[in-house]
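Visitor: Quick one, input-v3.txt (compact mmCIF, C-alpha atoms (C1' of nucleotides)):
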```
# COMPACT_ATOMS: atom_id res chain seq x y z
CA MET A 1 51.45 -39.58 -50.11
CA LYS A 2 52.38 -42.13 -47.50
CA ALA A 3 51.97 -41.44 -43.81
CA LYS A 4 55.70 -41.47 -43.22
CA GLU A 5 56.27 -38.79 -45.84
CA VAL A 6 53.48 -36.60 -44.51
CA LEU A 7 55.02 -36.65 -41.05
CA LYS A 8 58.52 -36.20 -42.44
CA ASP A 9 57.54 -33.08 -44.40
CA TYR A 10 55.76 -31.69 -41.36
CA VAL A 11 58.71 -32.28 -39.07
CA ALA A 12 61.22 -30.96 -41.60
CA LYS A 13 59.50 -27.58 -41.61
CA ASN A 14 60.13 -27.11 -37.92
CA ALA A 15 63.10 -29.18 -36.83
CA THR A 16 66.35 -30.50 -38.18
CA LEU A 17 66.59 -34.26 -37.94
CA THR A 18 68.96 -36.48 -39.88
CA ASP A 19 67.37 -39.27 -41.93
CA GLU A 20 68.43 -41.82 -39.35
CA GLN A 21 67.02 -39.73 -36.53
CA PHE A 22 63.75 -39.38 -38.39
CA GLU A 23 63.55 -43.13 -39.02
CA TYR A 24 64.09 -43.75 -35.34
CA PHE A 25 61.57 -41.05 -34.42
CA PHE A 26 59.02 -42.52 -36.83
CA SER A 27 59.48 -46.03 -35.44
CA HIS A 28 57.71 -44.88 -32.28
CA PHE A 29 54.46 -44.16 -34.12
CA GLU A 30 51.78 -46.65 -35.03
CA LEU A 31 49.63 -46.20 -38.14
CA GLN A 32 45.92 -46.62 -37.43
CA ASN A 33 42.81 -46.51 -39.61
CA PHE A 34 39.43 -45.44 -38.32
CA LYS A 35 35.97 -45.38 -39.83
CA LYS A 36 33.61 -42.43 -39.82
CA GLY A 37 31.93 -42.18 -36.43
CA GLN A 38 34.51 -44.29 -34.63
CA VAL A 39 35.49 -43.10 -31.17
CA ILE A 40 39.19 -42.76 -30.35
CA ILE A 41 39.00 -41.23 -26.87
CA SER A 42 35.86 -41.04 -24.78
CA GLN A 43 35.11 -38.81 -21.80
CA GLY A 44 35.99 -40.57 -18.56
CA SER A 45 38.40 -43.11 -20.01
CA ILE A 46 42.16 -43.28 -19.65
CA VAL A 47 44.20 -41.58 -22.37
CA ASP A 48 47.62 -42.82 -23.30
CA SER A 49 48.31 -41.51 -26.78
CA GLU A 50 48.19 -38.51 -29.02
CA TYR A 51 47.33 -38.62 -32.71
CA PHE A 52 48.77 -36.98 -35.80
CA VAL A 53 46.22 -36.81 -38.60
CA ILE A 54 47.33 -38.06 -42.04
CA SER A 55 43.97 -37.97 -43.78
CA GLY A 56 40.35 -37.38 -42.81
CA CYS A 57 38.92 -35.18 -40.10
CA LEU A 58 38.54 -35.71 -36.36
CA LYS A 59 36.80 -33.66 -33.73
CA SER A 60 37.66 -33.25 -30.07
CA PHE A 61 34.61 -32.33 -28.03
CA PHE A 62 32.97 -32.08 -24.66
CA ILE A 63 29.42 -33.04 -23.73
CA ASN A 64 27.94 -31.36 -20.66
CA GLU A 65 25.30 -32.54 -18.18
CA GLU A 66 22.49 -31.28 -20.43
CA LEU A 67 23.95 -33.34 -23.29
CA LYS A 68 24.98 -30.24 -25.18
CA MET A 69 28.12 -30.69 -27.26
CA PHE A 70 31.00 -28.22 -27.57
CA ILE A 71 33.73 -28.75 -30.11
CA LEU A 72 37.23 -27.76 -29.06
CA GLN A 73 39.00 -28.62 -32.26
CA PHE A 74 38.54 -29.98 -35.75
CA ALA A 75 41.68 -31.99 -36.44
CA MET A 76 42.56 -31.92 -40.14
CA PRO A 77 45.62 -33.48 -41.82
CA ASN A 78 48.89 -32.27 -40.24
CA TRP A 79 47.21 -31.52 -36.93
CA TRP A 80 47.61 -33.22 -33.58
CA ALA A 81 44.77 -34.24 -31.33
CA SER A 82 44.26 -35.82 -27.93
CA ASP A 83 43.08 -34.83 -24.48
CA PHE A 84 46.41 -33.29 -23.55
CA GLU A 85 45.49 -32.59 -19.97
CA ALA A 86 44.53 -36.19 -19.30
CA LEU A 87 47.48 -37.43 -21.32
CA TYR A 88 50.13 -35.47 -19.41
CA ASN A 89 48.58 -35.77 -15.97
CA HIS A 90 47.49 -39.40 -16.29
CA THR A 91 43.96 -38.45 -15.36
CA LYS A 92 40.69 -39.45 -16.99
CA ALA A 93 39.69 -37.74 -20.21
CA SER A 94 37.36 -34.78 -19.81
CA THR A 95 36.88 -34.59 -23.57
CA SER A 96 36.26 -37.10 -26.35
CA LEU A 97 37.84 -37.56 -29.76
CA ASP A 98 36.10 -39.19 -32.72
CA CYS A 99 36.05 -39.35 -36.50
CA ILE A 100 33.93 -37.06 -38.66
CA THR A 101 35.14 -38.93 -41.75
CA ASP A 102 37.18 -42.08 -42.30
CA ALA A 103 40.64 -41.23 -41.06
CA GLU A 104 44.23 -42.36 -41.11
CA VAL A 105 46.30 -41.31 -38.13
CA LEU A 106 49.72 -41.85 -36.59
CA CYS A 107 49.43 -42.78 -32.94
CA LEU A 108 52.17 -41.81 -30.48
CA SER A 109 51.97 -43.03 -26.91
CA ASN A 110 52.80 -40.75 -24.00
CA ALA A 111 55.62 -43.07 -22.99
CA ASN A 112 57.11 -43.09 -26.48
CA ARG A 113 56.89 -39.31 -26.76
CA GLU A 114 58.75 -38.84 -23.50
CA LYS A 115 61.27 -41.46 -24.55
CA ILE A 116 62.16 -39.85 -27.88
CA CYS A 117 62.06 -36.39 -26.34
CA SER A 118 64.66 -37.38 -23.81
CA GLU A 119 66.77 -39.33 -26.31
CA ILE A 120 66.90 -36.68 -29.05
CA HIS A 121 67.23 -33.06 -28.06
CA ALA A 122 65.94 -31.87 -31.46
CA VAL A 123 62.75 -33.87 -30.96
CA GLU A 124 62.17 -32.25 -27.59
CA SER A 125 62.62 -28.90 -29.27
CA PHE A 126 60.17 -29.88 -32.00
CA PHE A 127 57.48 -30.75 -29.46
CA ARG A 128 58.08 -27.51 -27.58
CA TRP A 129 57.52 -25.68 -30.84
CA ARG A 130 54.36 -27.64 -31.61
CA THR A 131 52.89 -27.07 -28.17
CA ASN A 132 53.64 -23.40 -28.35
CA LYS A 133 51.82 -23.21 -31.67
CA GLY A 134 48.78 -24.85 -30.11
CA TYR A 135 48.89 -22.47 -27.16
CA VAL A 136 49.01 -19.41 -29.38
CA ALA A 137 46.13 -20.71 -31.51
CA SER A 138 44.07 -21.36 -28.40
CA GLN A 139 44.67 -17.84 -27.07
CA LYS A 140 43.68 -16.35 -30.42
CA ARG A 141 40.46 -18.32 -30.46
CA LEU A 142 39.63 -17.22 -26.92
CA LEU A 143 40.18 -13.61 -27.88
CA SER A 144 38.05 -13.95 -30.98
CA PHE A 145 35.34 -15.51 -28.85
CA MET A 146 35.26 -12.52 -26.53
CA ASN A 147 35.66 -9.88 -29.19
CA ASN A 148 33.66 -11.04 -32.21
CA ASN A 149 30.10 -12.03 -32.94
CA VAL A 150 29.03 -15.36 -34.43
CA LYS A 151 29.00 -14.22 -38.04
CA PHE A 152 32.54 -12.94 -37.87
CA ARG A 153 33.78 -16.08 -36.15
CA TYR A 154 32.05 -18.28 -38.71
CA GLU A 155 33.70 -16.46 -41.60
CA GLU A 156 37.04 -16.51 -39.79
CA LEU A 157 36.73 -20.29 -39.43
CA LEU A 158 35.83 -20.80 -43.09
CA ASN A 159 38.70 -18.60 -44.18
CA LEU A 160 41.08 -20.72 -42.17
CA TYR A 161 39.61 -24.07 -43.28
CA PRO A 162 37.53 -23.66 -46.45
CA GLN A 163 37.23 -27.46 -46.70
CA LEU A 164 35.09 -27.54 -43.57
CA TYR A 165 32.15 -25.95 -45.37
CA ASN A 166 31.39 -29.08 -47.37
CA LEU A 167 33.00 -31.66 -45.12
CA VAL A 168 31.30 -31.00 -41.80
CA PRO A 169 27.56 -30.67 -41.02
CA LYS A 170 26.42 -27.26 -39.81
CA ASN A 171 25.36 -28.49 -36.39
CA LEU A 172 29.02 -29.38 -35.71
CA ILE A 173 30.20 -26.01 -36.98
CA ALA A 174 27.68 -24.43 -34.59
CA ALA A 175 29.04 -26.53 -31.72
CA TYR A 176 32.50 -25.24 -32.53
CA LEU A 177 31.35 -21.63 -32.66
CA GLY A 178 29.41 -22.04 -29.42
CA VAL A 179 25.96 -21.18 -30.81
CA SER A 180 22.81 -23.11 -31.64
CA ARG A 181 22.47 -24.60 -35.12
CA GLU A 182 19.35 -22.46 -35.63
CA THR A 183 21.28 -19.24 -35.09
CA LEU A 184 23.99 -20.36 -37.48
CA SER A 185 21.39 -21.22 -40.10
CA ARG A 186 19.77 -17.80 -39.71
CA LEU A 187 23.03 -15.96 -40.41
CA TYR A 188 22.57 -16.32 -44.14
CA HIS A 189 18.95 -17.43 -44.56
CA THR A 190 15.74 -15.82 -43.22
CA MET B 1 62.17 -14.61 -0.55
CA LYS B 2 64.62 -13.52 -3.20
CA ALA B 3 63.80 -13.71 -6.89
CA LYS B 4 66.41 -16.37 -7.50
CA GLU B 5 64.93 -18.64 -4.89
CA VAL B 6 61.40 -18.17 -6.19
CA LEU B 7 62.49 -19.23 -9.66
CA LYS B 8 64.62 -22.06 -8.30
CA ASP B 9 61.71 -23.52 -6.33
CA TYR B 10 59.46 -23.22 -9.35
CA VAL B 11 61.93 -24.92 -11.66
CA ALA B 12 62.75 -27.63 -9.14
CA LYS B 13 59.13 -28.76 -9.13
CA ASN B 14 59.21 -29.52 -12.82
CA ALA B 15 62.75 -30.20 -13.93
CA THR B 16 65.99 -31.62 -12.60
CA LEU B 17 68.85 -29.15 -12.85
CA THR B 18 72.11 -29.32 -10.93
CA ASP B 19 72.99 -26.25 -8.87
CA GLU B 20 75.54 -25.21 -11.47
CA GLN B 21 73.04 -25.64 -14.28
CA PHE B 22 70.52 -23.55 -12.40
CA GLU B 23 73.08 -20.79 -11.77
CA TYR B 24 73.87 -20.74 -15.45
CA PHE B 25 70.17 -20.80 -16.35
CA PHE B 26 69.46 -17.96 -13.93
CA SER B 27 72.28 -15.83 -15.32
CA HIS B 28 70.19 -15.37 -18.47
CA PHE B 29 67.43 -13.55 -16.60
CA GLU B 30 67.35 -9.89 -15.67
CA LEU B 31 65.52 -8.69 -12.56
CA GLN B 32 63.23 -5.73 -13.23
CA ASN B 33 61.01 -3.59 -11.03
CA PHE B 34 57.86 -1.92 -12.29
CA LYS B 35 55.41 0.53 -10.74
CA LYS B 36 51.66 0.16 -10.72
CA GLY B 37 50.28 1.18 -14.12
CA GLN B 38 53.59 0.84 -15.93
CA VAL B 39 53.40 -0.69 -19.40
CA ILE B 40 55.74 -3.58 -20.24
CA ILE B 41 54.49 -4.49 -23.72
CA SER B 42 52.17 -2.38 -25.79
CA GLN B 43 50.04 -3.36 -28.75
CA GLY B 44 51.88 -2.76 -32.02
CA SER B 45 55.39 -2.73 -30.58
CA ILE B 46 58.14 -5.30 -30.98
CA VAL B 47 58.36 -7.95 -28.25
CA ASP B 48 61.63 -9.55 -27.35
CA SER B 49 61.19 -10.97 -23.88
CA GLU B 50 58.97 -12.99 -21.66
CA TYR B 51 58.47 -12.31 -17.94
CA PHE B 52 58.31 -14.50 -14.87
CA VAL B 53 56.42 -12.80 -12.04
CA ILE B 54 58.11 -12.74 -8.61
CA SER B 55 55.71 -10.39 -6.85
CA GLY B 56 52.76 -8.21 -7.78
CA CYS B 57 50.17 -8.70 -10.48
CA LEU B 58 50.26 -8.04 -14.22
CA LYS B 59 47.56 -8.22 -16.83
CA SER B 60 47.86 -9.12 -20.49
CA PHE B 61 45.08 -7.56 -22.52
CA PHE B 62 43.73 -6.55 -25.89
CA ILE B 63 41.93 -3.34 -26.81
CA ASN B 64 39.69 -3.43 -29.87
CA GLU B 65 38.68 -0.69 -32.33
CA GLU B 66 35.82 0.42 -30.07
CA LEU B 67 38.32 0.80 -27.19
CA LYS B 68 36.83 -2.11 -25.33
CA MET B 69 39.36 -4.05 -23.26
CA PHE B 70 39.59 -7.84 -22.96
CA ILE B 71 41.90 -9.43 -20.44
CA LEU B 72 43.63 -12.63 -21.51
CA GLN B 73 45.48 -13.31 -18.31
CA PHE B 74 46.15 -12.04 -14.83
CA ALA B 75 49.79 -12.88 -14.16
CA MET B 76 50.38 -13.60 -10.49
CA PRO B 77 53.64 -14.72 -8.81
CA ASN B 78 55.05 -17.89 -10.42
CA TRP B 79 53.33 -17.20 -13.74
CA TRP B 80 54.80 -16.29 -17.08
CA ALA B 81 53.53 -13.52 -19.29
CA SER B 82 54.29 -12.03 -22.71
CA ASP B 83 52.73 -11.89 -26.14
CA PHE B 84 53.96 -15.33 -27.10
CA GLU B 85 52.80 -15.16 -30.67
CA ALA B 86 54.70 -11.94 -31.35
CA LEU B 87 57.66 -13.21 -29.34
CA TYR B 88 58.09 -16.46 -31.27
CA ASN B 89 57.21 -15.12 -34.70
CA HIS B 90 59.05 -11.81 -34.36
CA THR B 91 55.91 -9.94 -35.28
CA LYS B 92 54.35 -6.90 -33.62
CA ALA B 93 52.45 -7.39 -30.40
CA SER B 94 48.70 -7.79 -30.78
CA THR B 95 48.25 -7.60 -27.01
CA SER B 96 49.62 -5.41 -24.23
CA LEU B 97 51.06 -6.22 -20.83
CA ASP B 98 51.03 -3.86 -17.85
CA CYS B 99 51.14 -3.73 -14.06
CA ILE B 100 48.02 -3.81 -11.90
CA THR B 101 50.22 -3.39 -8.81
CA ASP B 102 53.91 -2.66 -8.28
CA ALA B 103 55.70 -5.73 -9.55
CA GLU B 104 59.02 -7.51 -9.52
CA VAL B 105 59.70 -9.72 -12.54
CA LEU B 106 62.47 -11.77 -14.09
CA CYS B 107 62.91 -10.90 -17.74
CA LEU B 108 64.12 -13.54 -20.22
CA SER B 109 64.83 -12.53 -23.81
CA ASN B 110 63.76 -14.70 -26.71
CA ALA B 111 67.40 -15.11 -27.75
CA ASN B 112 68.46 -16.16 -24.26
CA ARG B 113 65.61 -18.66 -23.97
CA GLU B 114 66.55 -20.30 -27.25
CA LYS B 115 70.21 -20.27 -26.22
CA ILE B 116 69.70 -22.05 -22.90
CA CYS B 117 67.13 -24.40 -24.43
CA SER B 118 69.65 -25.56 -26.97
CA GLU B 119 72.52 -25.70 -24.49
CA ILE B 120 70.73 -27.66 -21.75
CA HIS B 121 68.35 -30.41 -22.73
CA ALA B 122 66.64 -30.33 -19.33
CA VAL B 123 65.84 -26.66 -19.81
CA GLU B 124 64.23 -27.37 -23.17
CA SER B 125 62.17 -30.03 -21.47
CA PHE B 126 61.18 -27.59 -18.74
CA PHE B 127 59.91 -25.05 -21.25
CA ARG B 128 58.00 -27.73 -23.12
CA TRP B 129 56.30 -28.63 -19.87
CA ARG B 130 55.51 -25.00 -19.08
CA THR B 131 54.06 -24.32 -22.50
CA ASN B 132 51.95 -27.42 -22.31
CA LYS B 133 50.56 -26.25 -18.99
CA GLY B 134 49.61 -22.92 -20.54
CA TYR B 135 47.98 -24.66 -23.46
CA VAL B 136 45.88 -26.89 -21.24
CA ALA B 137 44.81 -23.92 -19.10
CA SER B 138 43.82 -21.99 -22.19
CA GLN B 139 41.70 -24.86 -23.52
CA LYS B 140 39.97 -25.21 -20.17
CA ARG B 141 39.13 -21.53 -20.12
CA LEU B 142 37.75 -21.68 -23.63
CA LEU B 143 35.55 -24.61 -22.68
CA SER B 144 34.33 -22.85 -19.57
CA PHE B 145 33.54 -19.82 -21.70
CA MET B 146 31.33 -21.84 -24.00
CA ASN B 147 29.72 -23.98 -21.34
CA ASN B 148 29.17 -21.75 -18.31
CA ASN B 149 27.39 -18.51 -17.57
CA VAL B 150 29.02 -15.41 -16.08
CA LYS B 151 28.20 -16.20 -12.47
CA PHE B 152 29.76 -19.64 -12.66
CA ARG B 153 32.87 -18.34 -14.40
CA TYR B 154 33.24 -15.56 -11.82
CA GLU B 155 33.11 -18.02 -8.95
CA GLU B 156 35.46 -20.36 -10.76
CA LEU B 157 37.96 -17.51 -11.14
CA LEU B 158 37.70 -16.53 -7.47
CA ASN B 159 38.15 -20.12 -6.40
CA LEU B 160 41.32 -20.35 -8.42
CA TYR B 161 42.69 -16.96 -7.29
CA PRO B 162 40.97 -15.76 -4.11
CA GLN B 163 43.50 -12.90 -3.87
CA LEU B 164 42.03 -11.29 -7.00
CA TYR B 165 38.84 -10.31 -5.16
CA ASN B 166 40.58 -7.59 -3.16
CA LEU B 167 43.52 -6.96 -5.44
CA VAL B 168 41.84 -6.17 -8.73
CA PRO B 169 39.01 -3.70 -9.48
CA LYS B 170 35.77 -5.25 -10.68
CA ASN B 171 35.88 -3.64 -14.11
CA LEU B 172 39.06 -5.63 -14.82
CA ILE B 173 37.48 -8.83 -13.55
CA ALA B 174 34.59 -8.12 -15.93
CA ALA B 175 37.03 -7.61 -18.81
CA TYR B 176 38.53 -11.01 -18.00
CA LEU B 177 35.15 -12.71 -17.88
CA GLY B 178 34.07 -11.03 -21.09
CA VAL B 179 31.05 -9.16 -19.70
CA SER B 180 30.19 -5.57 -18.87
CA ARG B 181 31.02 -4.27 -15.38
CA GLU B 182 27.29 -3.57 -14.89
CA THR B 183 26.38 -7.20 -15.41
CA LEU B 184 29.10 -8.34 -13.04
CA SER B 185 27.87 -5.89 -10.41
CA ARG B 186 24.30 -7.13 -10.77
CA LEU B 187 25.29 -10.74 -10.07
CA TYR B 188 25.25 -10.15 -6.36
CA HIS B 189 23.50 -6.78 -5.92
CA THR B 190 20.10 -5.65 -7.26
C1' DC C 1 42.28 19.68 2.84
C1' DG C 2 39.71 20.21 -1.07
C1' DG C 3 39.02 18.76 -5.70
C1' DT C 4 39.43 15.50 -9.31
C1' DT C 5 39.22 10.87 -10.79
C1' DA C 6 38.37 5.96 -10.22
C1' DA C 7 35.24 2.46 -8.50
C1' DG C 8 30.96 0.73 -7.94
C1' DG C 9 25.70 0.40 -7.95
C1' DT C 10 21.23 0.68 -10.32
C1' DG C 11 17.13 1.84 -13.35
C1' DA C 12 15.25 1.70 -18.22
C1' DC C 13 15.51 -0.12 -22.34
C1' DC C 14 17.57 -2.88 -26.37
C1' DT C 15 19.52 -6.89 -28.87
C1' DA C 16 21.67 -11.20 -29.92
C1' DC C 17 21.00 -15.56 -29.29
C1' DA C 18 18.50 -19.68 -27.10
C1' DT C 19 14.71 -22.76 -27.10
C1' DC C 20 10.79 -25.21 -28.84
C1' DA C 21 8.03 -26.72 -32.49
C1' DC C 22 7.47 -28.23 -36.86
C1' DA C 23 8.39 -28.64 -41.88
C1' DT C 24 11.20 -30.15 -45.68
C1' DC C 25 14.93 -32.46 -47.97
C1' DT C 26 18.80 -35.69 -48.32
C1' DT C 27 21.15 -39.93 -47.73
C1' DA C 28 22.81 -44.33 -46.14
C1' DG C 29 21.35 -49.03 -45.24
C1' DG C 30 18.59 -53.10 -45.43
C1' DC D 1 13.91 -49.07 -53.99
C1' DC D 2 11.99 -47.77 -49.58
C1' DT D 3 12.38 -46.05 -45.14
C1' DA D 4 14.36 -44.14 -41.00
C1' DA D 5 17.59 -41.02 -39.46
C1' DG D 6 20.24 -37.08 -40.20
C1' DA D 7 20.65 -32.37 -41.93
C1' DT D 8 18.67 -27.99 -42.63
C1' DG D 9 15.32 -24.01 -42.65
C1' DT D 10 12.09 -21.02 -40.19
C1' DG D 11 8.37 -18.99 -37.13
C1' DA D 12 7.16 -17.61 -32.28
C1' DT D 13 8.64 -16.42 -28.04
C1' DG D 14 11.80 -16.13 -23.88
C1' DT D 15 16.05 -14.36 -21.56
C1' DA D 16 20.92 -13.18 -20.48
C1' DG D 17 23.57 -9.75 -20.99
C1' DG D 18 24.67 -5.08 -23.35
C1' DT D 19 24.25 -0.04 -23.41
C1' DC D 20 23.30 4.46 -21.68
C1' DA D 21 22.45 7.52 -18.06
C1' DC D 22 23.06 8.95 -13.64
C1' DC D 23 24.27 8.66 -8.70
C1' DT D 24 27.22 7.68 -4.50
C1' DT D 25 31.40 6.66 -2.30
C1' DA D 26 36.36 5.99 -1.95
C1' DA D 27 41.03 7.16 -3.07
C1' DC D 28 44.62 9.76 -4.47
C1' DC D 29 47.38 14.05 -5.27
C1' DG D 30 48.76 18.88 -5.47
```
Could I get this structure in the form of structure tokens?
Guide:
Amino acid sequence: MKAKEVLKDYVAKNATLTDEQFEYFFSHFELQNFKKGQVIISQGSIVDSEYFVISGCLKSFFINEELKMFILQFAMPNWWASDFEALYNHTKASTSLDCITDAEVLCLSNANREKICSEIHAVESFFRWRTNKGYVASQKRLLSFMNNNVKFRYEELLNLYPQLYNLVPKNLIAAYLGVSRETLSRLYHT
Amino acid sequence: MKAKEVLKDYVAKNATLTDEQFEYFFSHFELQNFKKGQVIISQGSIVDSEYFVISGCLKSFFINEELKMFILQFAMPNWWASDFEALYNHTKASTSLDCITDAEVLCLSNANREKICSEIHAVESFFRWRTNKGYVASQKRLLSFMNNNVKFRYEELLNLYPQLYNLVPKNLIAAYLGVSRETLSRLYHT
DNA sequence: CGGTTAAGGTGACCTACATCACATCTTAGG
DNA sequence: CCTAAGATGTGATGTAGGTCACCTTAACCG
């Protein structure tokens, strides 16, 4: 399926745009291809776009002073990724974004998003919906973090994204769950 | 300061509404007064409104099977609170909301929010901004949870809301930080 | 004003997970 | 096809924070 159709299907589920409106909306995106390992946003740099994943898998992550990595999000097809704080506040990125696999993404600049949001009310509404969905997901993850142990959270993650099991190395899964790779390994072995 | 002015100042910082538009916007809210300890939303019930805090302090929380409480948010003046997942998806609340102190809030129903969002583009934009702010705050908290120990997170919380130190009992602070009250107590005593 | 309940502190002990060290095994490039 | 780097498993040991038990002090209410 072509990138345009992927986005169109996604939008159609949550907003009502005419074909012309969608064409205009879509004209503000730029299709980009990245290779496995390529960095899209890096900590400390300026961020001016957000990314809608068509194919492949990205990760948004943070590396602390001791060089330990924490993964905030695995971005699979139909997900959005960026450093939204830096993007909206025009500050430097506090997190990075890179490619776990080769990936195809649609890039939308901050300026273009604000432009189409102000031009088309339904688009503004669509982005409000999307952001709300992200907020709710983030709150759920926080709650699960406080309430559940590693094993539960690991199985919860695999239930939600079964593809991750084969796609992503275990050390990255551990960095998402907030535990060491050794502990994750010991959940089912030893 | 009256409730209307509190909301007006808050909105003015992040959206451009004419006085008439604001009056109309405001007419969709209902002022409510609650006593300390009163429950606004309880786990398992239907949610149909969100709340903007004028004065006092609320908490949104979750109680698990072992009756352990986790606090998702302390809602201080100028903050919004609800169970947003239940509110948007018309499902039953998975979290509760109650009053730590006597509180004055502006109540906005889901139906009214959607109504004014669709009627006034600037209002839709305002709510997109607000939701984005909540999302960013939630991601930051998650990251801090993974990256920092209890002492750091406690000091971070008190830096952000110094009022909490005297306003809220330590067992609630502990439930927000995700540790036992004993551990929190031992940070500075013993 | 007296009694009940909430808030807070602290000792003893337990457990989940971290860290370090090292041993395979797999895989992508040259 | 060979080799270095990445991915994974596992033992030994350390530690932050949990749990339980009990005590003191403060606050609220009939």
Visitor: What lies within 12 Å of DG30 in chain D using only C-alpha atoms (C1' of nucleotides), ignoring chain neighbours under 2 positions off, as a list in words?
Guide: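 Near neighbours after the sequence-gap exclusion: DC1, DG2, DG3 and DT4 of chain C; DC28 of chain D.
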Visitor: For range 12-29 of chain D, take all atoms listed in the file, fit an axis-aligned box around them, add 6 Å to each of the six sides, then output centre and edge lengths in Å rounded to one decimal, as lines of an AutoDock Vina configuration file.
Guide:
```
center_x = 27.3
center_y = -1.8
center_z = -17.1
size_x = 52.2
size_y = 43.7
size_z = 42.3
```
Visitor: Please identify all polymer residues within 7 Å of range 21-33 of chain A, counting all atoms listed in the file, omitting same-chain residues fewer than 5 positions from it, and present them as a tab-separated table (two decimals) with C-alpha atoms, in the coordinates of the input.
Guide:
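This is the output file part_33.tsv:
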```tsv
chain	number	residue	atom	x	y	z
A	103	ALA	CA	40.64	-41.23	-41.06
A	104	GLU	CA	44.23	-42.36	-41.11
A	105	VAL	CA	46.30	-41.31	-38.13
A	106	LEU	CA	49.72	-41.85	-36.59
A	107	CYS	CA	49.43	-42.78	-32.94
A	108	LEU	CA	52.17	-41.81	-30.48
A	112	ASN	CA	57.11	-43.09	-26.48
A	116	ILE	CA	62.16	-39.85	-27.88
```
Visitor: Would you give me, as number ranges by chain, the residues of chain A that come within 6 Å of chain B, using only C-alpha atoms?
Guide: A: 85, 128, 131-132, 135-136, 142, 146, 178
Visitor: Compute the chain B side of the contact with chain D at 10 Å, counting all atoms listed in the file, and hand it back as a ChimeraX atom specification.
Guide: /B:149-150,179-180,182-184
Visitor: At what distance in Å, to one decimal, does CA of Lys8 in chain B lie from CA of Asp48 in chain B?
Guide: 23.0 Å
Visitor: Restrict the calculation to only C-alpha atoms (C1' of nucleotides), then for each residue of chain C with any atom at most 12 Å from an atom of chain A give the closest atom pair and their distance in Å to one decimal, rows by chain and rising residue number, as CSV.
Guide:
```
residue,atom,partner,partner_atom,distance
C:DA16,C1',A:Asn149,CA,9.0
C:DC17,C1',A:Thr183,CA,6.9
C:DA18,C1',A:Ser180,CA,7.1
C:DT19,C1',A:Ser180,CA,9.3
C:DC20,C1',A:Glu182,CA,11.3
```
Visitor: Mind giving me the straight-line distance from CA of Lys59 in chain B to CA of Leu187 in chain B in Å, one decimal?
Guide: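 Distance reported for this atom pair: 23.4 Å.
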Visitor: Which polymer residues, protein or nucleic acid, are no farther than 9 Å from (48.8, -34.4, -34.8), counting only C-alpha atoms (C1' of nucleotides), as a list in words?
Guide: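 Those residues lying close to the given coordinates are Glu50, Tyr51, Phe52, Val53, Ile54, Ala75, Met76, Pro77, Asn78, Trp79, Trp80, Ala81, Ser82, Val105, Leu106 and Cys107 of chain A.
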Visitor: Mind pulling up the distance from CA of Phe34 in chain A to CA of Gln163 in chain A?
Guide: 20.0 Å
Visitor: With only C-alpha atoms (C1' of nucleotides) as the counted atoms, please give the residues lying no more than 10 Å from Pro169 in chain B, apart from itself and same-chain residues fewer than 6 positions off, as a PDB file with C-alpha atoms (C1' of nucleotides), keeping the file's coordinate frame.
Guide:
```
ATOM      1  CA  ILE B 100      48.020  -3.810 -11.900  1.00  0.00           C
ATOM      2  CA  ARG B 181      31.020  -4.270 -15.380  1.00  0.00           C
TER       3      ARG B 181
ATOM      4  C1'  DA C   6      38.370   5.960 -10.220  1.00  0.00           C
ATOM      5  C1'  DA C   7      35.240   2.460  -8.500  1.00  0.00           C
ATOM      6  C1'  DG C   8      30.960   0.730  -7.940  1.00  0.00           C
TER       7       DG C   8
END
```
Visitor: Which residues are near Ile46 in chain B? Cut-off 8 Å, all atoms listed in the file, ignore same chain within fewer than 6 positions. Put them as a list of chain:residue names.
Guide: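 Answer for this query is B:Ala86, B:His90, B:Thr91, B:Lys92, B:Ala93.
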